[in-house]
file data05.csv (CSV, C-alpha atoms)
chain,number,residue,atom,x,y,z
A,1432,MET,CA,44.4,54.6,129.0
A,1433,ALA,CA,44.8,58.2,130.0
A,1434,GLN,CA,41.6,60.2,129.9
A,1435,SER,CA,41.6,63.1,127.5
A,1436,GLN,CA,41.4,66.6,128.8
A,1437,SER,CA,38.2,67.2,126.8
A,1438,ALA,CA,36.6,64.2,128.5
A,1439,ALA,CA,37.6,65.3,131.9
A,1440,SER,CA,35.9,68.7,131.4
A,1441,THR,CA,32.5,67.3,130.4
A,1442,ASP,CA,29.8,69.8,131.2
A,1443,ALA,CA,26.9,67.6,132.2
A,1444,GLY,CA,23.4,68.8,132.6
A,1445,THR,CA,23.4,71.3,129.6
A,1446,GLU,CA,19.9,70.3,128.3
A,1447,GLN,CA,20.7,71.9,125.0
A,1448,PRO,CA,20.3,70.5,121.5
A,1449,GLN,CA,23.1,68.0,121.0
A,1450,SER,CA,24.7,66.4,118.0
A,1451,VAL,CA,26.6,63.2,118.8
A,1452,SER,CA,28.9,60.9,116.9
A,1453,PHE,CA,29.2,57.2,117.6
A,1454,ALA,CA,32.8,56.8,116.6
A,1455,PHE,CA,35.5,54.2,116.9
A,1456,LEU,CA,38.3,53.3,114.5
A,1457,LYS,CA,37.6,49.6,114.4
A,1458,GLY,CA,35.1,47.6,112.4
A,1459,GLY,CA,32.7,45.4,114.2
A,1460,SER,CA,32.5,47.6,117.3
A,1461,THR,CA,28.6,47.8,116.9
A,1462,LYS,CA,28.5,51.5,116.5
A,1463,THR,CA,25.4,51.1,114.4
A,1464,THR,CA,23.6,48.9,117.0
A,1465,LEU,CA,24.4,51.4,119.8
A,1466,SER,CA,23.5,54.5,117.7
A,1467,ILE,CA,20.3,53.2,116.3
A,1468,ASN,CA,19.0,52.0,119.6
A,1469,THR,CA,20.1,55.2,121.4
A,1470,ALA,CA,18.4,57.3,118.8
A,1471,ARG,CA,15.2,55.3,119.2
A,1472,HIS,CA,15.1,55.9,122.9
A,1473,LEU,CA,15.9,59.6,122.5
A,1474,ALA,CA,13.0,59.9,120.1
A,1475,GLU,CA,10.7,58.0,122.6
A,1476,ARG,CA,11.7,60.4,125.4
A,1477,ASN,CA,11.5,63.6,123.4
A,1478,GLY,CA,8.7,63.0,120.9
A,1479,GLU,CA,8.1,62.3,117.2
A,1480,GLY,CA,10.5,64.2,114.9
A,1481,SER,CA,12.8,65.4,117.6
A,1482,VAL,CA,15.8,63.2,116.5
A,1483,LEU,CA,17.6,63.0,113.2
A,1484,PHE,CA,19.8,59.9,112.6
A,1485,ILE,CA,22.5,60.3,109.9
A,1486,ASP,CA,24.1,57.2,108.5
A,1487,PHE,CA,27.5,58.7,107.5
A,1488,ASP,CA,29.2,55.4,107.0
A,1489,PRO,CA,29.9,54.6,103.3
A,1490,ASN,CA,29.2,50.9,104.1
A,1491,GLY,CA,25.7,51.9,105.1
A,1492,HIS,CA,25.2,49.3,107.8
A,1493,ALA,CA,22.3,51.2,109.3
A,1494,THR,CA,20.7,51.9,105.9
A,1495,ARG,CA,20.9,48.3,104.8
A,1496,ASN,CA,20.1,46.6,108.1
A,1497,TYR,CA,17.1,48.7,109.0
A,1498,ASP,CA,14.8,49.6,106.0
A,1499,PHE,CA,13.0,52.2,108.1
A,1500,GLY,CA,9.9,51.6,106.0
A,1501,HIS,CA,11.7,52.5,102.7
A,1502,ASP,CA,13.0,49.8,100.5
A,1503,GLY,CA,16.4,50.1,98.7
A,1504,LEU,CA,17.5,53.4,100.2
A,1505,TYR,CA,21.2,52.4,99.9
A,1506,GLU,CA,20.9,51.9,96.2
A,1507,GLN,CA,19.1,55.2,95.6
A,1508,ARG,CA,20.8,58.6,95.1
A,1509,SER,CA,20.3,60.9,98.1
A,1510,ASP,CA,21.7,64.1,96.7
A,1511,LEU,CA,23.9,64.4,99.7
A,1512,ASP,CA,26.8,65.2,97.4
A,1513,ARG,CA,24.9,68.2,96.0
A,1514,VAL,CA,24.6,69.7,99.5
A,1515,LEU,CA,28.1,68.8,100.8
A,1516,LEU,CA,30.1,69.4,97.6
A,1517,GLY,CA,28.3,72.6,96.5
A,1518,SER,CA,26.7,71.8,93.2
A,1519,SER,CA,23.4,72.8,94.9
A,1520,PRO,CA,24.6,74.9,97.9
A,1521,ASP,CA,21.1,76.3,98.4
A,1522,MET,CA,19.4,72.9,98.4
A,1523,ASP,CA,17.5,72.5,101.7
A,1524,PRO,CA,19.0,69.6,103.6
A,1525,ARG,CA,15.5,68.6,104.7
A,1526,GLU,CA,15.0,67.2,101.2
A,1527,LEU,CA,17.5,64.5,102.1
A,1528,VAL,CA,15.6,63.3,105.1
A,1529,TYR,CA,13.1,60.4,105.4
A,1530,GLU,CA,10.6,59.8,108.1
A,1531,THR,CA,10.6,56.4,109.9
A,1532,PRO,CA,8.1,54.4,111.9
A,1533,PHE,CA,10.4,54.8,115.0
A,1534,LYS,CA,9.7,58.5,115.8
A,1535,PHE,CA,13.1,59.7,114.5
A,1536,ASP,CA,14.0,60.9,111.0
A,1537,PHE,CA,16.7,59.4,108.9
A,1538,LEU,CA,19.3,60.6,106.4
A,1539,PRO,CA,20.6,57.4,104.7
A,1540,SER,CA,23.9,56.3,103.4
A,1541,THR,CA,24.1,55.4,99.8
A,1542,ASP,CA,26.5,53.4,97.6
A,1543,GLN,CA,27.8,56.9,96.4
A,1544,HIS,CA,29.2,57.8,99.9
A,1545,GLU,CA,32.6,56.4,98.9
A,1546,SER,CA,32.7,58.9,96.0
A,1547,ILE,CA,31.7,61.7,98.4
A,1548,GLU,CA,34.6,60.8,100.7
A,1549,LYS,CA,37.1,61.1,97.8
A,1550,ARG,CA,35.7,64.4,96.6
A,1551,LEU,CA,35.4,65.9,100.1
A,1552,SER,CA,39.1,65.2,100.7
A,1553,THR,CA,40.1,67.7,97.9
A,1554,ALA,CA,37.4,70.3,98.6
A,1555,ALA,CA,38.2,73.5,100.4
A,1556,GLY,CA,37.0,73.1,104.0
A,1557,GLY,CA,36.0,69.6,103.2
A,1558,SER,CA,36.2,68.4,106.8
A,1559,GLY,CA,33.6,71.0,107.9
A,1560,ARG,CA,30.9,70.5,105.3
A,1561,LEU,CA,28.6,68.2,107.3
A,1562,ARG,CA,28.6,70.7,110.2
A,1563,THR,CA,28.0,73.9,108.1
A,1564,ARG,CA,25.6,72.6,105.5
A,1565,ILE,CA,23.5,70.1,107.5
A,1566,VAL,CA,24.0,70.1,111.2
A,1567,GLU,CA,24.0,73.8,111.8
A,1568,GLU,CA,21.0,74.2,109.4
A,1569,LEU,CA,18.9,71.6,111.3
A,1570,LEU,CA,20.1,71.3,114.9
A,1571,GLY,CA,17.9,73.4,117.3
A,1572,ASP,CA,15.5,74.7,114.6
A,1573,GLU,CA,14.4,71.3,113.2
A,1574,TYR,CA,15.8,68.7,115.6
A,1575,ASP,CA,16.7,68.6,119.3
A,1576,TYR,CA,19.2,65.8,118.7
A,1577,ILE,CA,21.3,64.6,115.7
A,1578,ILE,CA,23.0,61.2,116.0
A,1579,ILE,CA,25.7,60.4,113.5
A,1580,ASP,CA,26.8,56.8,112.8
A,1581,GLN,CA,30.5,57.1,111.8
A,1582,PRO,CA,32.7,55.1,109.5
A,1583,SER,CA,35.2,52.7,111.0
A,1584,ASP,CA,38.1,54.0,108.9
A,1585,ALA,CA,40.0,57.3,109.3
A,1586,GLY,CA,39.4,59.8,106.6
A,1587,THR,CA,37.5,62.9,105.6
A,1588,MET,CA,34.0,61.4,106.3
A,1589,ASN,CA,35.0,60.5,109.8
A,1590,ASN,CA,36.6,64.0,110.3
A,1591,ASN,CA,33.3,65.6,109.2
A,1592,GLY,CA,31.3,63.7,111.7
A,1593,ILE,CA,33.5,64.5,114.7
A,1594,LEU,CA,33.7,68.2,113.7
A,1595,ALA,CA,30.0,68.3,113.1
A,1596,SER,CA,29.0,66.9,116.5
A,1597,GLN,CA,32.0,67.7,118.8
A,1598,ASN,CA,30.4,65.1,121.1
A,1599,VAL,CA,31.5,61.5,120.9
A,1600,MET,CA,30.2,58.2,122.3
A,1601,MET,CA,32.8,55.4,122.1
A,1602,PRO,CA,31.8,51.7,122.1
A,1603,MET,CA,34.3,49.5,123.9
A,1604,LEU,CA,34.4,45.7,123.3
A,1605,PRO,CA,36.0,43.0,125.5
A,1606,LYS,CA,38.8,42.4,123.1
A,1607,GLY,CA,42.5,43.0,123.6
A,1608,GLU,CA,42.8,45.4,120.6
A,1609,THR,CA,40.1,47.6,122.0
A,1610,ILE,CA,42.5,49.7,124.0
A,1611,GLY,CA,44.7,50.3,121.0
A,1612,SER,CA,41.7,51.2,118.9
A,1613,PHE,CA,40.6,53.7,121.6
A,1614,GLU,CA,44.1,55.3,121.5
A,1615,ARG,CA,44.1,55.3,117.7
A,1616,THR,CA,40.6,57.0,117.6
A,1617,ARG,CA,41.7,59.6,120.1
A,1618,ASP,CA,45.0,60.3,118.4
A,1619,ARG,CA,43.7,60.3,114.8
A,1620,LEU,CA,40.3,61.9,115.2
A,1621,ILE,CA,40.2,63.9,118.4
A,1622,ALA,CA,43.7,65.2,119.0
A,1623,PRO,CA,44.1,67.0,115.7
A,1624,LEU,CA,40.9,69.0,116.4
A,1625,GLU,CA,42.0,69.8,119.9
A,1626,GLU,CA,45.3,71.1,118.5
A,1627,GLN,CA,43.2,73.6,116.6
A,1628,ASN,CA,41.5,74.6,119.9
A,1629,ILE,CA,38.3,72.8,119.0
A,1630,SER,CA,37.0,71.1,122.1
A,1631,ILE,CA,35.8,67.5,121.6
A,1632,ASN,CA,33.6,66.1,124.4
A,1633,ILE,CA,33.8,62.4,125.0
A,1634,MET,CA,30.4,61.8,126.5
A,1635,ALA,CA,30.8,58.2,127.5
A,1636,VAL,CA,32.7,55.0,126.9
A,1637,VAL,CA,30.2,52.2,126.5
A,1638,PRO,CA,31.1,48.5,127.3
A,1639,ASN,CA,29.4,46.5,124.6
A,1640,LEU,CA,28.9,42.9,123.5
A,1641,LEU,CA,29.7,41.5,126.9
A,1642,GLY,CA,28.8,38.0,127.7
A,1643,ASP,CA,31.4,36.3,129.9
A,1644,ARG,CA,31.6,36.0,133.7
A,1645,ILE,CA,33.4,38.7,135.6
A,1646,ASP,CA,34.2,36.7,138.7
A,1647,GLN,CA,37.1,35.1,136.7
A,1648,GLN,CA,39.9,36.7,134.7
A,1649,THR,CA,38.0,37.0,131.4
A,1650,ASN,CA,38.2,39.7,128.7
A,1651,ASP,CA,34.9,41.1,130.0
A,1652,ARG,CA,36.4,41.6,133.5
A,1653,GLU,CA,39.6,43.1,132.1
A,1654,LEU,CA,37.7,45.7,130.1
A,1655,LEU,CA,35.4,46.7,133.0
A,1656,GLU,CA,38.3,47.0,135.4
A,1657,ASN,CA,40.2,49.1,133.0
A,1658,LEU,CA,37.3,51.4,132.2
A,1659,ASN,CA,36.3,51.8,135.9
A,1660,LYS,CA,39.8,52.6,136.9
A,1661,SER,CA,40.9,54.9,134.1
A,1662,PHE,CA,37.6,56.3,132.8
A,1663,LYS,CA,35.4,56.2,135.8
A,1664,SER,CA,33.7,59.6,135.0
A,1665,LEU,CA,32.8,58.4,131.5
A,1666,VAL,CA,31.4,54.9,132.4
A,1667,PRO,CA,27.6,54.7,132.4
A,1668,GLU,CA,26.0,53.7,135.6
A,1669,PHE,CA,25.0,50.3,134.2
A,1670,ALA,CA,28.7,49.4,133.9
A,1671,GLN,CA,30.1,50.9,137.1
A,1672,ILE,CA,31.8,48.5,139.5
A,1673,SER,CA,33.7,49.9,142.5
A,1674,GLU,CA,36.9,48.5,144.0
A,1675,ASP,CA,34.9,47.4,147.0
A,1676,GLU,CA,32.4,45.6,144.8
A,1677,TRP,CA,35.2,43.8,142.9
A,1678,GLU,CA,36.6,42.6,146.3
A,1679,GLN,CA,33.2,41.4,147.4
A,1680,ILE,CA,32.7,39.6,144.1
A,1681,ASP,CA,36.1,37.8,144.5
A,1682,ASN,CA,35.4,36.9,148.1
A,1683,GLY,CA,32.0,35.4,147.1
A,1684,GLU,CA,30.2,38.0,149.2
A,1685,MET,CA,28.4,39.5,146.2
A,1686,ALA,CA,26.7,37.8,143.2
A,1687,PRO,CA,28.5,38.9,140.1
A,1688,PRO,CA,26.4,41.5,138.2
A,1689,LYS,CA,26.0,41.5,134.4
A,1690,PRO,CA,27.1,45.0,133.6
A,1691,GLY,CA,27.5,46.6,130.2
A,1692,ILE,CA,25.3,46.1,127.1
A,1693,ARG,CA,25.1,42.4,126.7
A,1694,GLU,CA,25.4,40.2,123.6
A,1695,THR,CA,21.7,39.6,123.3
A,1696,ALA,CA,19.9,37.5,120.7
A,1697,GLU,CA,16.9,39.8,120.7
A,1698,ILE,CA,19.0,42.8,119.6
A,1699,THR,CA,20.5,40.8,116.7
A,1700,ASN,CA,17.2,39.1,115.8
A,1701,GLY,CA,15.3,42.3,115.8
A,1702,MET,CA,17.8,43.8,113.4
A,1703,LYS,CA,18.3,40.8,111.1
A,1704,ASN,CA,14.8,39.4,111.0
A,1705,GLU,CA,12.5,42.4,111.4
A,1706,SER,CA,14.7,45.5,110.8
A,1707,LEU,CA,13.5,46.7,114.2
A,1708,PRO,CA,15.3,48.5,117.1
A,1709,LEU,CA,15.2,46.6,120.3
A,1710,LEU,CA,12.5,48.8,121.9
A,1711,ASP,CA,10.1,47.9,119.1
A,1712,TYR,CA,11.1,44.2,118.7
A,1713,ALA,CA,11.4,43.3,122.4
A,1714,PRO,CA,10.2,46.2,124.6
A,1715,ASP,CA,10.5,44.2,127.8
A,1716,ASN,CA,14.2,43.3,127.2
A,1717,PRO,CA,16.2,44.8,130.2
A,1718,GLN,CA,18.9,46.0,127.7
A,1719,ASN,CA,16.4,48.8,126.8
A,1720,GLU,CA,17.2,50.4,130.2
A,1721,HIS,CA,20.8,50.8,129.1
A,1722,PHE,CA,20.0,52.4,125.8
A,1723,ASP,CA,17.6,54.7,127.7
A,1724,GLU,CA,20.5,55.7,130.0
A,1725,LEU,CA,22.7,56.5,127.0
A,1726,ALA,CA,19.8,58.7,125.7
A,1727,SER,CA,19.7,60.5,129.1
A,1728,ILE,CA,23.5,61.0,129.0
A,1729,ILE,CA,23.1,62.8,125.6
A,1730,GLU,CA,20.3,64.9,126.9
A,1731,ASN,CA,22.5,66.0,129.9
A,1732,GLY,CA,25.5,66.7,127.7
A,1733,GLY,CA,27.5,64.0,129.5
A,1734,ILE,CA,27.5,61.8,132.6
A,1735,ASP,CA,26.3,63.7,135.7
A,1736,ARG,CA,28.1,62.4,138.8
call {"tool": "encode", "arguments": {"input": "data05.csv", "output": "structure tokens"}}
result
Amino acid sequence: MAQSQSAASTDAGTEQPQSVSFAFLKGGSTKTTLSINTARHLAERNGEGSVLFIDFDPNGHATRNYDFGHDGLYEQRSDLDRVLLGSSPDMDPRELVYETPFKFDFLPSTDQHESIEKRLSTAAGGSGRLRTRIVEELLGDEYDYIIIDQPSDAGTMNNNGILASQNVMMPMLPKGETIGSFERTRDRLIAPLEEQNISINIMAVVPNLLGDRIDQQTNDRELLENLNKSFKSLVPEFAQISEDEWEQIDNGEMAPPKPGIRETAEITNGMKNESLPLLDYAPDNPQNEHFDELASIIENGGIDR
């Protein structure tokens, strides 16, 4: 798990408008859960209308799981194709955006995103359309932060999101294939852009969906040990465990902490039952502190050690 050069050179503390992709080439890595809840905390910290959330996944998990006060968005035409593919190049991308009750604005996915993927793949400069026609038009002037929920499959849509943001948050799950998925994400999405001298900043690797004990040899422990050893500068404070602390845990001198973003019923219930981010469904849930830290990392341009 060698750390990429772009990650090692993270320039924390920039306090500039930021566009960030939540990206990982594996389904079920809860990119949507992390990105929605982080966007919610960014908006809470920075004020109404300061954040735009883009659901760029053709599967539309964010659009379908959170109605954002608008019914049936996934089945409606968004005209995103007219902006990205050039049939209406002068169309204002603000026309694609919906307000939500959660202080951030929302550009939904629709059931036409799969068609957009195919058409972008043959368009001239197709991998840069999201950046030039939406992100550059809106970031800084209209929004302080743009959060992009990426597809799980490699392709032109995913390339668009990475190029548009050039900042990446990567969810990491306590499963054996996570390391291989990280390497696949790095090699297929990030390395090709770096070969073109485009710097991609991995802001953080985020341990997610943890639930097992870490005073035994569980998948949770293996993930946390690997991340703290090989990616220490990219691990959020809520998931850091030093070598001394591991030794104290194993010797029974320290109660095992519960680091990482936990597999929490209130996160799932808020989404499935009420279509609400955790901050609105269960504001006292301690996991909110972790999402708030992710928001702070984005504000700073990376983890500030």
call {"tool": "residues_around", "arguments": {"input": "data05.csv", "residues": "Gly1478 in chain A", "least_positions_apart": "3", "cutoff": "12 Å", "atoms": "only C-alpha atoms", "output": "PyMOL selection string"}}
result
chain A and resi 1470-1475+1481-1483+1533-1536+1574-1576
call {"tool": "atom_distance", "arguments": {"input": "data05.csv", "atom1": "CA of Glu1720 in chain A", "atom2": "CA of Pro1687 in chain A"}}
result
18.9 Å
call {"tool": "closest_residue", "arguments": {"input": "data05.csv", "among": "A:Ser1727, A:Ser1596, A:Asn1639, A:Ser1664", "to": "Leu1570 in chain A", "atoms": "only C-alpha atoms"}}
result
A:Ser1596
call {"tool": "closest_residue", "arguments": {"input": "data05.csv", "among": "A:Pro1690, A:Pro1448, A:Pro1532, A:Pro1638", "to": "Pro1605 in chain A", "atoms": "all atoms listed in the file"}}
result
A:Pro1638
call {"tool": "atom_distance", "arguments": {"input": "data05.csv", "atom1": "CA of Asp1580 in chain A", "atom2": "CA of Ile1672 in chain A"}}
result
28.4 Å
call {"tool": "atom_distance", "arguments": {"input": "data05.csv", "atom1": "CA of Arg1644 in chain A", "atom2": "CA of Met1600 in chain A"}}
result
25.0 Å
call {"tool": "residues_around", "arguments": {"input": "data05.csv", "residues": "Asn1719 in chain A", "least_positions_apart": "6", "cutoff": "9 Å", "atoms": "all atoms listed in the file", "output": "JSON, numbers by chain"}}
result
{"A": [1468, 1472, 1709, 1710, 1713]}
call {"tool": "closest_residue", "arguments": {"input": "data05.csv", "among": "A:Ser1509, A:Asp1651, A:Phe1662, A:Gly1642", "to": "Ala1696 in chain A", "atoms": "all atoms listed in the file"}}
result
A:Gly1642
call {"tool": "closest_residue", "arguments": {"input": "data05.csv", "among": "A:Asn1590, A:Asn1716, A:Met1601, A:Thr1616", "to": "Leu1658 in chain A", "atoms": "only C-alpha atoms"}}
result
A:Met1601
call {"tool": "closest_residue", "arguments": {"input": "data05.csv", "among": "A:Asp1521, A:Arg1693, A:Tyr1529, A:Ser1558", "to": "Ala1585 in chain A", "atoms": "all atoms listed in the file"}}
result
A:Ser1558
call {"tool": "residues_around", "arguments": {"input": "data05.csv", "residues": "Met1634 in chain A", "least_positions_apart": "2", "cutoff": "6 Å", "atoms": "only C-alpha atoms", "output": "list in words"}}
result
Val1599, Met1600, Asn1632 and Gly1733 of chain A
call {"tool": "closest_residue", "arguments": {"input": "data05.csv", "among": "A:Lys1549, A:Val1636, A:Ser1612, A:Phe1669", "to": "Asn1657 in chain A", "atoms": "all atoms listed in the file"}}
result
A:Val1636
call {"tool": "residues_around", "arguments": {"input": "data05.csv", "residues": "Ile1577 in chain A", "least_positions_apart": "6", "cutoff": "12 Å", "atoms": "all atoms listed in the file", "output": "number ranges by chain"}}
result
A: 1447-1453, 1466-1467, 1469-1471, 1473-1474, 1480-1487, 1535-1538, 1561-1562, 1565-1571, 1592, 1595-1599, 1726, 1729-1730
call {"tool": "residues_around", "arguments": {"input": "data05.csv", "residues": "Phe1455 in chain A", "least_positions_apart": "3", "cutoff": "9 Å", "atoms": "only C-alpha atoms", "output": "PyMOL selection string"}}
result
chain A and resi 1458+1460+1462+1581-1584+1600-1603+1612-1613+1615-1617
call {"tool": "residues_near_point", "arguments": {"input": "data05.csv", "point": "(20.6, 53.8, 101.7)", "cutoff": "6 Å", "atoms": "all atoms listed in the file", "output": "list in words"}}
result
Thr1494, Leu1504, Tyr1505, Glu1506, Pro1539, Ser1540 and Thr1541 of chain A
call {"tool": "build_atoms", "arguments": {"input": "data05.csv", "residues": "range 1562-1580 of chain A", "atoms": "N, CA and C atoms", "output": "tab-separated table (two decimals), in the frame of the given file"}}
result
chain	number	residue	atom	x	y	z
A	1562	ARG	N	29.02	69.82	109.09
A	1562	ARG	CA	28.60	70.70	110.20
A	1562	ARG	C	27.93	71.98	109.59
A	1563	THR	N	28.57	72.63	108.61
A	1563	THR	CA	28.00	73.90	108.10
A	1563	THR	C	26.82	73.78	107.25
A	1564	ARG	N	26.70	72.67	106.51
A	1564	ARG	CA	25.60	72.60	105.50
A	1564	ARG	C	24.47	71.69	105.92
A	1565	ILE	N	24.66	70.92	107.01
A	1565	ILE	CA	23.50	70.10	107.50
A	1565	ILE	C	23.27	70.29	108.95
A	1566	VAL	N	24.26	70.02	109.80
A	1566	VAL	CA	24.00	70.10	111.20
A	1566	VAL	C	23.62	71.45	111.71
A	1567	GLU	N	24.37	72.48	111.32
A	1567	GLU	CA	24.00	73.80	111.80
A	1567	GLU	C	22.71	74.31	111.19
A	1568	GLU	N	22.32	73.78	110.05
A	1568	GLU	CA	21.00	74.20	109.40
A	1568	GLU	C	19.86	73.52	110.17
A	1569	LEU	N	20.06	72.36	110.75
A	1569	LEU	CA	18.90	71.60	111.30
A	1569	LEU	C	18.88	71.50	112.80
A	1570	LEU	N	20.03	71.53	113.47
A	1570	LEU	CA	20.10	71.30	114.90
A	1570	LEU	C	19.48	72.55	115.63
A	1571	GLY	N	18.52	72.30	116.49
A	1571	GLY	CA	17.90	73.40	117.30
A	1571	GLY	C	16.64	73.89	116.61
A	1572	ASP	N	16.70	74.19	115.31
A	1572	ASP	CA	15.50	74.70	114.60
A	1572	ASP	C	14.58	73.52	114.24
A	1573	GLU	N	15.17	72.46	113.68
A	1573	GLU	CA	14.40	71.30	113.20
A	1573	GLU	C	14.41	70.14	114.15
A	1574	TYR	N	15.59	69.88	114.74
A	1574	TYR	CA	15.80	68.70	115.60
A	1574	TYR	C	16.45	69.09	116.90
A	1575	ASP	N	16.04	68.42	117.97
A	1575	ASP	CA	16.70	68.60	119.30
A	1575	ASP	C	18.00	67.82	119.33
A	1576	TYR	N	18.06	66.70	118.60
A	1576	TYR	CA	19.20	65.80	118.70
A	1576	TYR	C	19.53	65.29	117.26
A	1577	ILE	N	20.81	65.25	116.94
A	1577	ILE	CA	21.30	64.60	115.70
A	1577	ILE	C	22.32	63.57	116.08
A	1578	ILE	N	22.06	62.34	115.67
A	1578	ILE	CA	23.00	61.20	116.00
A	1578	ILE	C	23.64	60.81	114.66
A	1579	ILE	N	24.97	60.69	114.70
A	1579	ILE	CA	25.70	60.40	113.50
A	1579	ILE	C	26.44	59.02	113.70
A	1580	ASP	N	26.15	58.09	112.81
A	1580	ASP	CA	26.80	56.80	112.80
A	1580	ASP	C	28.04	56.92	111.89
